[in-house]
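data_22.tsv, holding TSV, C-alpha atoms and all ligand atoms:
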```tsv
chain	number	residue	atom	x	y	z
A	11	MET	CA	44.09	271.86	179.02
A	12	ARG	CA	42.97	274.41	181.56
A	13	PHE	CA	39.83	274.06	183.64
A	14	GLY	CA	38.51	276.96	185.71
A	15	LEU	CA	36.59	276.29	188.92
A	16	VAL	CA	33.64	278.63	189.28
A	17	GLY	CA	30.46	278.74	191.34
A	18	LEU	CA	28.48	280.63	193.96
A	19	PRO	CA	30.24	281.56	197.22
A	20	ALA	CA	30.82	278.56	199.49
A	21	SER	CA	29.64	276.05	196.88
A	22	GLY	CA	32.78	273.97	197.46
A	23	LYS	CA	35.23	275.15	194.78
A	24	THR	CA	38.24	275.13	197.07
A	25	THR	CA	37.19	271.80	198.57
A	26	VAL	CA	37.20	270.31	195.04
A	27	PHE	CA	40.54	271.97	194.42
A	28	HIS	CA	42.06	270.44	197.56
A	29	LEU	CA	40.70	267.09	196.54
A	30	LEU	CA	42.46	267.38	193.18
A	31	HIS	CA	45.57	268.83	194.64
A	32	ARG	CA	46.15	266.38	197.43
A	33	VAL	CA	45.56	263.21	195.52
A	34	LYS	CA	48.04	263.32	192.68
A	35	GLY	CA	48.49	266.99	192.14
A	36	GLU	CA	51.65	268.99	191.97
A	37	ALA	CA	51.82	272.52	193.26
A	38	ARG	CA	52.49	275.33	190.83
A	39	PRO	CA	53.69	278.64	192.21
A	40	THR	CA	50.48	280.13	193.42
A	41	SER	CA	49.82	283.82	192.99
A	42	ALA	CA	47.57	285.97	195.09
A	43	GLU	CA	44.74	285.55	192.59
A	44	VAL	CA	44.81	281.91	191.71
A	45	ALA	CA	45.90	278.47	192.88
A	46	ILE	CA	46.77	275.97	190.17
A	47	ALA	CA	46.80	272.18	190.46
A	48	GLN	CA	48.41	270.12	187.73
A	49	ILE	CA	46.90	266.67	187.68
A	50	LYS	CA	48.78	263.89	186.00
A	51	VAL	CA	46.38	261.60	184.19
A	52	PRO	CA	47.05	258.01	185.25
A	53	ASP	CA	47.24	255.69	182.22
A	54	PRO	CA	48.27	252.02	182.44
A	55	ARG	CA	49.33	252.15	178.77
A	56	LEU	CA	52.23	254.39	179.81
A	57	ASP	CA	53.47	251.65	182.14
A	58	PHE	CA	53.44	249.14	179.30
A	59	LEU	CA	55.34	251.53	177.03
A	60	ALA	CA	57.82	252.36	179.80
A	61	ALA	CA	58.59	248.67	180.25
A	62	LEU	CA	59.19	248.37	176.50
A	63	PHE	CA	61.19	251.54	175.79
A	64	LYS	CA	62.83	252.01	179.20
A	65	PRO	CA	62.83	255.81	178.88
A	66	LYS	CA	64.73	257.98	181.36
A	67	LYS	CA	61.75	260.27	181.63
A	68	MET	CA	58.03	259.61	181.48
A	69	THR	CA	55.56	262.48	181.13
A	70	PRO	CA	51.84	261.77	181.47
A	71	VAL	CA	49.11	264.11	180.24
A	72	ALA	CA	48.57	266.96	182.71
A	73	LEU	CA	45.27	268.70	183.22
A	74	GLU	CA	45.35	272.07	184.94
A	75	TYR	CA	42.74	273.22	187.43
A	76	HIS	CA	42.50	276.85	188.52
A	77	ASP	CA	40.85	277.99	191.75
A	78	PHE	CA	40.40	281.75	191.77
A	79	HIS	CA	40.72	283.63	194.99
A	80	ALA	CA	38.82	286.78	194.06
A	81	PRO	CA	35.74	286.03	196.12
A	82	ALA	CA	32.40	285.61	194.44
A	83	LYS	CA	29.98	287.91	196.23
A	84	ALA	CA	26.77	289.78	195.67
A	85	MET	CA	27.73	293.10	194.04
A	86	PRO	CA	25.65	296.29	193.85
A	87	SER	CA	24.65	295.34	190.29
A	88	GLY	CA	23.15	292.13	191.66
A	89	ALA	CA	25.79	290.07	189.87
A	90	ILE	CA	27.68	287.41	191.85
A	91	LEU	CA	30.77	286.67	189.76
A	92	THR	CA	33.25	289.51	189.97
A	93	PRO	CA	34.75	291.05	186.81
A	94	GLN	CA	38.21	289.77	187.88
A	95	VAL	CA	36.98	286.18	187.95
A	96	LEU	CA	35.16	286.55	184.63
A	97	VAL	CA	38.33	287.84	182.98
A	98	GLN	CA	40.31	284.88	184.29
A	99	LEU	CA	37.66	282.37	183.27
A	100	ARG	CA	37.84	283.61	179.68
A	101	THR	CA	41.33	282.17	179.28
A	102	MET	CA	40.22	278.64	180.31
A	103	ASP	CA	39.54	275.76	177.90
A	104	ALA	CA	36.54	274.59	179.91
A	105	LEU	CA	34.57	275.59	182.99
A	106	LEU	CA	34.01	273.44	186.03
A	107	VAL	CA	30.93	274.86	187.65
A	108	VAL	CA	30.64	273.73	191.27
A	109	ILE	CA	27.02	273.57	192.39
A	110	ARG	CA	26.13	273.17	196.03
A	111	ALA	CA	23.82	270.27	196.81
A	112	PHE	CA	24.94	269.65	200.42
A	113	GLU	CA	22.84	270.73	203.36
A	114	ASP	CA	24.78	272.19	206.29
A	115	ALA	CA	23.34	274.82	208.61
A	116	ARG	CA	26.88	275.91	209.54
A	117	VAL	CA	27.55	276.98	205.95
A	118	PRO	CA	24.95	279.58	205.00
A	119	HIS	CA	23.87	279.70	201.35
A	120	MET	CA	23.79	283.22	199.94
A	121	LYS	CA	20.27	282.60	198.66
A	122	GLY	CA	19.06	281.11	201.93
A	123	THR	CA	18.18	277.69	200.52
A	124	VAL	CA	19.94	274.83	198.72
A	125	ASP	CA	18.57	274.55	195.19
A	126	PRO	CA	21.01	273.21	192.59
A	127	ALA	CA	18.81	273.83	189.52
A	128	ARG	CA	18.32	277.45	190.58
A	129	ASP	CA	22.06	277.93	191.10
A	130	ILE	CA	22.86	276.45	187.68
A	131	ALA	CA	20.44	278.92	186.13
A	132	LEU	CA	21.96	281.79	188.13
A	133	ILE	CA	25.51	281.12	186.98
A	134	ALA	CA	24.38	280.43	183.42
A	135	SER	CA	22.60	283.76	183.25
A	136	GLU	CA	25.66	285.59	184.58
A	137	PHE	CA	27.73	284.03	181.81
A	138	VAL	CA	25.11	285.07	179.25
A	139	MET	CA	25.15	288.65	180.57
A	140	ALA	CA	28.95	288.78	180.52
A	141	ASP	CA	29.05	287.50	176.92
A	142	LEU	CA	26.33	289.89	175.87
A	143	GLU	CA	28.40	292.78	177.16
A	144	ILE	CA	31.38	291.72	175.05
A	145	VAL	CA	29.31	291.13	171.92
A	146	GLU	CA	27.50	294.46	172.28
A	147	LYS	CA	30.73	296.34	172.81
A	148	ARG	CA	32.17	294.89	169.62
A	149	ILE	CA	28.99	295.59	167.64
A	150	GLY	CA	29.05	299.17	168.93
A	151	ARG	CA	32.65	299.62	167.82
A	152	ILE	CA	32.03	298.25	164.34
A	153	GLU	CA	28.93	300.42	163.88
A	154	GLU	CA	30.78	303.49	165.08
A	155	ASN	CA	33.51	302.86	162.53
A	156	LEU	CA	30.95	302.41	159.78
A	157	LYS	CA	29.31	305.70	160.76
A	158	LYS	CA	32.67	307.42	160.50
A	159	GLY	CA	32.81	306.14	156.93
A	160	LYS	CA	35.50	303.54	157.58
A	161	LYS	CA	35.38	300.53	155.29
A	162	ASP	CA	33.89	297.44	156.89
A	163	GLU	CA	36.72	294.93	156.65
A	164	ASN	CA	34.66	291.97	157.84
A	165	PRO	CA	31.05	292.51	156.84
A	166	LYS	CA	30.27	289.00	158.00
A	167	GLU	CA	31.46	289.72	161.53
A	168	LEU	CA	28.72	292.25	162.24
A	169	GLU	CA	26.09	289.84	160.97
A	170	LEU	CA	27.54	287.00	163.04
A	171	LEU	CA	27.67	289.09	166.20
A	172	LYS	CA	24.14	290.38	165.75
A	173	GLY	CA	22.96	286.78	165.41
A	174	CYS	CA	24.77	285.91	168.65
A	175	ARG	CA	23.33	288.92	170.40
A	176	GLY	CA	19.79	287.85	169.51
A	177	GLN	CA	20.39	284.35	170.85
A	178	LEU	CA	22.09	285.54	174.02
A	179	GLU	CA	19.22	287.92	174.67
A	180	ALA	CA	16.94	284.91	174.49
A	181	GLY	CA	19.19	283.17	177.05
A	182	VAL	CA	20.73	280.71	174.57
A	183	PRO	CA	24.40	279.84	175.26
A	184	ILE	CA	26.71	280.18	172.26
A	185	ARG	CA	27.73	276.51	172.46
A	186	ASP	CA	24.18	275.55	171.51
A	187	LEU	CA	24.49	277.29	168.13
A	188	SER	CA	26.15	275.89	165.04
A	189	PHE	CA	28.68	277.84	163.06
A	190	SER	CA	30.89	277.38	160.03
A	191	PRO	CA	34.52	276.64	160.96
A	192	GLU	CA	35.39	280.20	159.95
A	193	GLU	CA	32.68	281.71	162.18
A	194	ASP	CA	33.68	279.41	165.00
A	195	ARG	CA	37.29	280.59	164.77
A	196	ARG	CA	36.23	284.20	164.71
A	197	LEU	CA	34.00	283.79	167.76
A	198	ARG	CA	36.69	281.98	169.72
A	199	GLY	CA	38.72	285.15	169.60
A	200	PHE	CA	36.16	286.73	171.91
A	201	GLN	CA	36.64	284.00	174.55
A	202	LEU	CA	32.93	283.84	175.27
A	203	LEU	CA	32.08	281.95	178.43
A	204	THR	CA	28.89	280.38	177.10
A	205	GLN	CA	30.90	278.93	174.20
A	206	LYS	CA	33.19	276.97	176.53
A	207	PRO	CA	32.37	273.39	177.51
A	208	HIS	CA	30.77	273.20	180.97
A	209	LEU	CA	31.09	270.43	183.53
A	210	TYR	CA	28.60	270.91	186.34
A	211	LEU	CA	30.01	269.37	189.51
A	212	LEU	CA	27.24	268.67	191.93
A	213	ASN	CA	28.81	268.86	195.37
A	214	THR	CA	26.52	266.43	197.11
A	215	GLY	CA	27.69	266.04	200.68
A	216	GLU	CA	26.96	262.72	202.33
A	217	THR	CA	23.73	261.93	200.56
A	218	ALA	CA	24.17	261.50	196.83
A	219	PRO	CA	21.04	262.55	194.94
A	220	GLN	CA	19.65	260.20	192.33
A	221	LEU	CA	20.83	261.32	188.93
A	222	GLN	CA	19.37	258.24	187.28
A	223	GLY	CA	15.73	257.92	186.34
A	224	PRO	CA	13.58	260.41	184.46
A	225	PRO	CA	15.23	263.80	184.01
A	226	GLY	CA	14.41	266.32	186.72
A	227	PRO	CA	14.97	270.09	186.77
A	228	LEU	CA	18.68	269.51	187.35
A	229	GLN	CA	19.20	267.48	184.20
A	230	GLU	CA	16.99	269.92	182.32
A	231	ALA	CA	19.27	272.78	183.37
A	232	CYS	CA	22.23	270.88	181.91
A	233	ARG	CA	20.66	270.16	178.54
A	234	HIS	CA	23.09	272.00	176.34
A	235	ASN	CA	25.81	271.12	173.90
A	236	ALA	CA	29.23	270.40	175.45
A	237	THR	CA	27.68	270.20	178.91
A	238	ALA	CA	27.97	267.40	181.45
A	239	LEU	CA	26.86	266.76	185.01
A	240	LEU	CA	28.84	264.84	187.62
A	241	ALA	CA	27.84	264.22	191.23
A	242	LEU	CA	30.86	264.42	193.53
A	243	PRO	CA	30.76	264.55	197.34
A	244	ALA	CA	33.90	266.66	197.52
A	245	LYS	CA	34.20	266.96	201.30
A	246	VAL	CA	33.48	263.27	201.91
A	247	GLU	CA	36.05	262.31	199.27
A	248	LEU	CA	38.55	264.66	200.88
A	249	GLU	CA	37.96	263.07	204.27
A	250	MET	CA	38.30	259.62	202.75
A	251	MET	CA	41.87	260.44	201.87
A	252	GLU	CA	42.71	260.06	205.55
A	253	LEU	CA	41.64	256.40	205.35
A	254	SER	CA	43.67	253.45	204.12
A	255	PRO	CA	42.87	252.43	200.51
A	256	GLU	CA	41.03	249.34	201.83
A	257	GLU	CA	38.92	251.35	204.27
A	258	ALA	CA	38.20	253.95	201.61
A	259	GLU	CA	37.06	251.22	199.22
A	260	VAL	CA	34.59	249.85	201.78
A	261	PHE	CA	33.30	253.32	202.56
A	262	ARG	CA	32.96	254.16	198.87
A	263	LYS	CA	30.91	251.00	198.29
A	264	GLU	CA	28.61	251.94	201.19
A	265	LEU	CA	28.02	255.34	199.60
A	266	GLY	CA	27.46	253.77	196.20
A	267	LEU	CA	30.42	255.58	194.65
A	268	PRO	CA	31.85	253.57	191.77
A	269	GLU	CA	35.40	254.97	191.62
A	270	PRO	CA	37.62	257.45	193.43
A	271	ALA	CA	36.59	261.04	192.77
A	272	LEU	CA	39.76	261.95	190.92
A	273	ASP	CA	39.34	259.14	188.38
A	274	ARG	CA	35.74	260.07	187.75
A	275	LEU	CA	36.60	263.71	187.40
A	276	ILE	CA	39.44	263.08	184.94
A	277	LYS	CA	37.21	260.81	182.86
A	278	ALA	CA	34.45	263.42	182.84
A	279	CYS	CA	36.93	266.12	181.76
A	280	TYR	CA	38.27	263.90	178.95
A	281	GLU	CA	34.75	263.17	177.75
A	282	LEU	CA	33.68	266.79	178.02
A	283	LEU	CA	36.43	267.93	175.67
A	284	GLY	CA	36.26	264.76	173.56
A	285	LEU	CA	39.94	264.08	174.23
A	286	ILE	CA	42.02	261.09	173.16
A	287	THR	CA	45.61	260.23	174.08
A	288	PHE	CA	48.55	259.59	171.80
A	289	PHE	CA	52.14	258.79	172.74
A	290	THR	CA	55.60	259.80	171.59
A	291	VAL	CA	59.00	258.36	172.34
A	292	VAL	CA	61.66	260.93	171.54
A	293	GLY	CA	65.20	260.48	172.79
A	294	ASP	CA	64.93	259.46	176.41
A	295	GLU	CA	61.41	260.71	176.95
A	296	LEU	CA	58.16	258.81	176.75
A	297	ARG	CA	55.25	261.19	176.73
A	298	ALA	CA	51.45	261.11	176.57
A	299	TRP	CA	49.54	263.91	174.86
A	300	ALA	CA	45.85	264.79	174.85
A	301	ILE	CA	44.13	266.07	171.70
A	302	PRO	CA	40.50	266.40	170.64
A	303	ARG	CA	39.12	263.30	168.90
A	304	GLY	CA	39.17	263.75	165.14
A	305	SER	CA	42.45	265.72	165.08
A	306	THR	CA	44.80	265.19	162.15
A	307	ALA	CA	48.40	264.02	162.43
A	308	GLN	CA	49.54	267.52	161.52
A	309	LYS	CA	47.49	269.05	164.38
A	310	ALA	CA	48.87	266.41	166.74
A	311	ALA	CA	52.38	267.42	165.65
A	312	GLY	CA	51.42	271.00	166.50
A	313	THR	CA	50.59	270.08	170.10
A	314	ILE	CA	54.16	268.82	170.46
A	315	HIS	CA	55.79	271.81	168.78
A	316	SER	CA	54.60	274.45	166.33
A	317	ASP	CA	57.72	273.82	164.16
A	318	MET	CA	56.63	270.21	163.76
A	319	GLU	CA	53.23	271.32	162.50
A	320	LYS	CA	54.75	273.81	160.05
A	321	GLY	CA	57.40	271.44	158.71
A	322	PHE	CA	55.27	268.29	158.90
A	323	ILE	CA	56.28	265.62	156.36
A	324	LYS	CA	54.93	262.28	157.58
A	325	ALA	CA	53.93	260.51	160.77
A	326	GLU	CA	55.10	257.02	161.58
A	327	VAL	CA	52.15	255.40	163.32
A	328	VAL	CA	51.81	252.25	165.36
A	329	PRO	CA	48.62	251.54	167.31
A	330	LEU	CA	49.33	250.50	170.88
A	331	ASP	CA	47.36	247.23	170.70
A	332	ALA	CA	49.30	246.22	167.57
A	333	LEU	CA	52.55	246.96	169.38
A	334	GLN	CA	51.35	244.92	172.34
A	335	ALA	CA	50.55	242.02	170.01
A	336	SER	CA	53.95	242.26	168.28
A	337	GLY	CA	55.88	242.57	171.52
A	338	SER	CA	58.49	245.03	170.27
A	339	MET	CA	58.96	247.88	167.83
A	340	ALA	CA	61.25	245.74	165.66
A	341	GLU	CA	58.62	243.01	165.44
A	342	ALA	CA	55.92	245.60	164.73
A	343	ARG	CA	58.03	246.84	161.85
A	344	ARG	CA	58.53	243.29	160.60
A	345	HIS	CA	54.78	242.59	160.73
A	346	GLY	CA	54.08	245.76	158.82
A	347	VAL	CA	51.88	247.29	161.54
A	348	LEU	CA	54.02	250.39	161.56
A	349	ARG	CA	52.59	252.72	158.92
A	350	LEU	CA	53.57	255.99	157.32
A	351	GLU	CA	50.71	258.46	157.29
A	352	GLY	CA	50.25	261.91	155.78
A	353	LYS	CA	49.08	265.16	157.36
A	354	ASP	CA	45.35	264.35	157.07
A	355	TYR	CA	45.55	261.06	158.95
A	356	ILE	CA	43.07	261.09	161.85
A	357	VAL	CA	44.97	260.19	165.00
A	358	GLN	CA	43.43	257.33	167.01
A	359	ASP	CA	43.39	256.88	170.78
A	360	GLY	CA	46.52	254.93	171.74
A	361	ASP	CA	48.56	255.69	168.60
A	362	ILE	CA	52.30	255.95	169.06
A	363	LEU	CA	53.49	258.68	166.72
A	364	THR	CA	56.90	259.59	165.39
A	365	ILE	CA	56.70	262.86	163.49
A	366	ARG	CA	59.04	263.46	160.58
A	367	PHE	CA	59.40	267.11	159.84
A	368	SER	CA	61.75	269.60	158.23
A	369	THR	CA	62.96	272.73	159.92
B	1	LIG	N1	28.79	269.64	205.17
B	1	LIG	C1	29.47	269.89	204.06
B	1	LIG	N2	30.25	270.98	203.98
B	1	LIG	C2	30.91	271.22	202.84
B	1	LIG	C3	30.86	270.35	201.74
B	1	LIG	N3	31.65	270.85	200.76
B	1	LIG	C4	32.17	272.00	201.22
B	1	LIG	N4	31.74	272.22	202.49
B	1	LIG	C5	32.09	273.34	203.38
B	1	LIG	O1	31.58	274.54	202.84
B	1	LIG	C6	32.46	275.62	203.11
B	1	LIG	C7	32.85	276.31	201.82
B	1	LIG	O2	33.61	275.42	201.02
B	1	LIG	P1	34.73	275.95	200.04
B	1	LIG	O3	35.29	274.77	199.35
B	1	LIG	O4	35.66	276.85	200.72
B	1	LIG	O5	33.81	276.78	199.03
B	1	LIG	P2	34.26	277.83	197.93
B	1	LIG	O6	33.28	277.68	196.82
B	1	LIG	O7	35.69	277.67	197.60
B	1	LIG	O8	34.00	279.19	198.70
B	1	LIG	P3	34.52	280.67	198.29
B	1	LIG	O9	35.86	280.53	197.64
B	1	LIG	O10	34.55	281.39	199.57
B	1	LIG	O11	33.46	281.19	197.37
B	1	LIG	C8	33.65	275.02	203.85
B	1	LIG	O12	33.45	275.21	205.20
B	1	LIG	C9	33.59	273.55	203.47
B	1	LIG	O13	34.15	272.73	204.46
B	1	LIG	C10	30.03	269.18	201.86
B	1	LIG	O14	29.93	268.35	200.95
B	1	LIG	N5	29.38	269.00	203.05
B	2	MG	MG	37.28	279.13	197.58
```
Would you put the structure from the file into structure tokens?
Ligand SMILES: Nc1nc2c(ncn2[C@@H]2O[C@H](COP(=O)(O)OP(=O)(O)OP(=O)(O)O)[C@@H](O)[C@H]2O)c(=O)[nH]1
Ligand SMILES: [Mg+2]
Amino acid sequence: MRFGLVGLPASGKTTVFHLLHRVKGEARPTSAEVAIAQIKVPDPRLDFLAALFKPKKMTPVALEYHDFHAPAKAMPSGAILTPQVLVQLRTMDALLVVIRAFEDARVPHMKGTVDPARDIALIASEFVMADLEIVEKRIGRIEENLKKGKKDENPKELELLKGCRGQLEAGVPIRDLSFSPEEDRRLRGFQLLTQKPHLYLLNTGETAPQLQGPPGPLQEACRHNATALLALPAKVELEMMELSPEEAEVFRKELGLPEPALDRLIKACYELLGLITFFTVVGDELRAWAIPRGSTAQKAAGTIHSDMEKGFIKAEVVPLDALQASGSMAEARRHGVLRLEGKDYIVQDGDILTIRFST
């Protein structure tokens, strides 16, 4: 899963990236345009399984975070996000929108004042404009072809796109609309930014704003489908990494922060995409995989390898808690908790799957 960091200039994107990177991240070769952090998702269930299966290799779920170097800046058109960044964001699974909430006279805000709700609206409207451009271009092309007398191969596409155009013009993000699975698939091909899940990361500085209580303009701005809001004092958390775990814990309590930033961020990302984890033990490797909740066994097989999805026969399933209760795979088998499931079985969080497939 790939998350793209985006936001106004100096909102704290790179600070968040360093926070991710330095805690449990692993460097990927970084190009001139982008830095990538691969974050291994900590999961105590892996430790239990490792003790049981004694694998030579253990691979946790990895989430990927991209920090783009092409600077956001005010352009002659008035737009802030550069075309290069927009293009890169389109290939992401979800967007992590960093919103400045910290006050610091040494770091000027491009708009002169700190106003998170305004900045959310600014970025959201840039995404709407960028999507509108894509939708209009496609509509134009289809209409041109029709004028030339070419046969309309997908009459429904024009209708769908015109519907989207109307909504985008009214400022409605695509993720707020409902589509048939077929329409949804078709739209995904356009990689629209407003269709992607958004996690707004409120970079709060030392004083965390109250997100509880009656909804204010900030929460209002986040009222969309597949949209979440997380307050994260990125710079403070980064500085806390210099402390011992005990000192950090005390400091965190003083600030009223429930958990380390990385844990909260991973949880928020999992929730945003509705992810669950399943496990496989193949040969010497124990591995955790993330898939959207509600996925079938066949889809799960596809995340491991496309051949497994194509040649899927059955999945051997044992839920982790049942395995824990049995104590071993052999006992689980004896107690009949190990089941054979077909392609439509809905994978549950914590399932250990063995895929049987033909090649
Ligand atoms: N006081 C304070 N400064 C912060 C905080 N977060 C980030 N900064 C500072 O703000 C400046 C910009 O932060 P970056 O993380 O580089 O922001 P960015 O969004 O990556 O900026 P660009 O990539 O240039 O658009 C840096 O000097 C940070 O140290 C914060 O919570 N409090
Ligand atoms: Mg940066």
Quiz prompt | Contacts to ligand MG 2 (chain B) at 8 Å cut-off (all atoms listed in the file) as a list in words | solution =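 Taking all atoms listed in the file into account, the residues around ligand MG 2 (chain B) at most 8 Å away are Pro19, Ala20, Gly22, Lys23, Thr24, Thr25, Asp77, Phe78, His79 and Pro81 of chain A.
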Requested write-out: C-alpha atoms of the selected residues, as a short mmCIF file (atom, residue, chain, number, x, y, z; two decimals), in the coordinates of the input:
```
data_model
loop_
_atom_site.label_atom_id
_atom_site.label_comp_id
_atom_site.auth_asym_id
_atom_site.auth_seq_id
_atom_site.Cartn_x
_atom_site.Cartn_y
_atom_site.Cartn_z
CA PRO A 19 30.24 281.56 197.22
CA ALA A 20 30.82 278.56 199.49
CA GLY A 22 32.78 273.97 197.46
CA LYS A 23 35.23 275.15 194.78
CA THR A 24 38.24 275.13 197.07
CA THR A 25 37.19 271.80 198.57
CA ASP A 77 40.85 277.99 191.75
CA PHE A 78 40.40 281.75 191.77
CA HIS A 79 40.72 283.63 194.99
CA PRO A 81 35.74 286.03 196.12
#
```
Quiz prompt | Contacts to ligand LIG 1 (chain B) at 9 Å cut-off (only C-alpha atoms and all ligand atoms) as a PyMOL selection string | solution = chain A and resi 15-28+77-83+108-118+213-217+242-247
Exercise. Would you mind reading off the distance between CA of Glu264 in chain A and CA of Leu212 in chain A, one decimal, in Å?
Key: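 According to the coordinates, CA of Glu264 in chain A and CA of Leu212 in chain A are separated by 19.2 Å.
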Practice problem: Select, from A:Met318, A:Ile356, A:Leu96, A:Ala298, the residue with the minimum atom-to-atom distance to Pro70 in chain A, counting only C-alpha atoms. | Solution: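 Ranked by minimum distance to Pro70 in chain A, first place goes to A:Ala298.
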Would you mind listing, for every residue of range 78-118 of chain A within 12 Å of range 142-151 of chain A, the two atoms forming the shortest contact and the distance between them in Å to one decimal, using all atoms listed in the file, sorted by chain and ascending residue number, as a tab-separated table?
```
residue	atom	partner	partner_atom	distance
A:Pro93	CA	A:Glu143	CA	11.7
A:Leu96	CA	A:Ile144	CA	11.5
A:Val97	CA	A:Ile144	CA	11.2
A:Arg100	CA	A:Ile144	CA	11.4
```
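You will find CA of Ala310 in chain A at 28.6 Å from CA of Tyr210 in chain A.
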Practice problem: Select, from A:Leu239, A:Ile314, A:Leu272, A:Leu267, the residue with the minimum atom-to-atom distance to Leu106 in chain A, counting only C-alpha atoms. | Solution: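 Using only C-alpha atoms, Leu106 in chain A sits closest to A:Leu239.
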Self-check item: Minimum-distance residue to Ala60 in chain A, chosen among A:Lys157, A:Lys353, A:Arg297, A:His119 (using only C-alpha atoms)
Solution: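 Of A:Lys157, A:Lys353, A:Arg297, A:His119, the one nearest Ala60 in chain A, counting only C-alpha atoms, is A:Arg297.
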Quiz item: Using all atoms listed in the file, which residue out of A:Glu256, A:Glu179, A:Asp103, A:Asp194 lies closest to His208 in chain A?
Solution: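 The shortest atom-to-atom distance to His208 in chain A comes from A:Asp103.
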Exercise. Provide the CA of Gly173 in chain A to CA of Leu187 in chain A distance in Å, to one decimal place.
Key: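 Pair CA of Gly173 in chain A / CA of Leu187 in chain A returns 10.0 Å.
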Quiz prompt | Test item: residues at most 9 Å from Val291 in chain A, all atoms listed in the file, excluding those fewer than 3 positions along its chain, as a list in words | solution =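 Counting all atoms listed in the file, the residues come to Phe63, Pro65, Asp294, Glu295, Leu296, Arg297, Ile362, Leu363 and Thr364 of chain A.
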Practice problem: Rank nothing, just name the residue among A:Ala311, A:Ala236, A:Val95, A:Leu228 nearest to Leu282 in chain A, using all atoms listed in the file. | Solution: A:Ala236
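Using only C-alpha atoms, the contacts of Phe288 in chain A at a cut-off of 8 Å, with sequence neighbours closer than 6 positions omitted, comprise A:Ala298, A:Trp299, A:Ala300, A:Ile301, A:Val357, A:Gln358, A:Asp359, A:Gly360, A:Asp361, A:Ile362, A:Leu363.
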Let me see the file: selected residues, C-alpha atoms, as a compact mmCIF listing (two decimals), in the frame of the given file.
```txt
# COMPACT_ATOMS: atom_id res chain seq x y z
CA ALA A 298 51.45 261.11 176.57
CA TRP A 299 49.54 263.91 174.86
CA ALA A 300 45.85 264.79 174.85
CA ILE A 301 44.13 266.07 171.70
CA VAL A 357 44.97 260.19 165.00
CA GLN A 358 43.43 257.33 167.01
CA ASP A 359 43.39 256.88 170.78
CA GLY A 360 46.52 254.93 171.74
CA ASP A 361 48.56 255.69 168.60
CA ILE A 362 52.30 255.95 169.06
CA LEU A 363 53.49 258.68 166.72
```
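Shortest atom-to-atom contact with Gly14 in chain A among A:Pro52, A:Gly159, A:Pro207, A:Pro191: A:Pro207, counting only C-alpha atoms.
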Exercise. Do a neighbour search on Phe189 in chain A at 12 Å with all atoms listed in the file, toss out local chain neighbours closer than 6 positions, and write the hits as a ChimeraX atom specification.
Key: /A:170-171,173-174,195-198,205
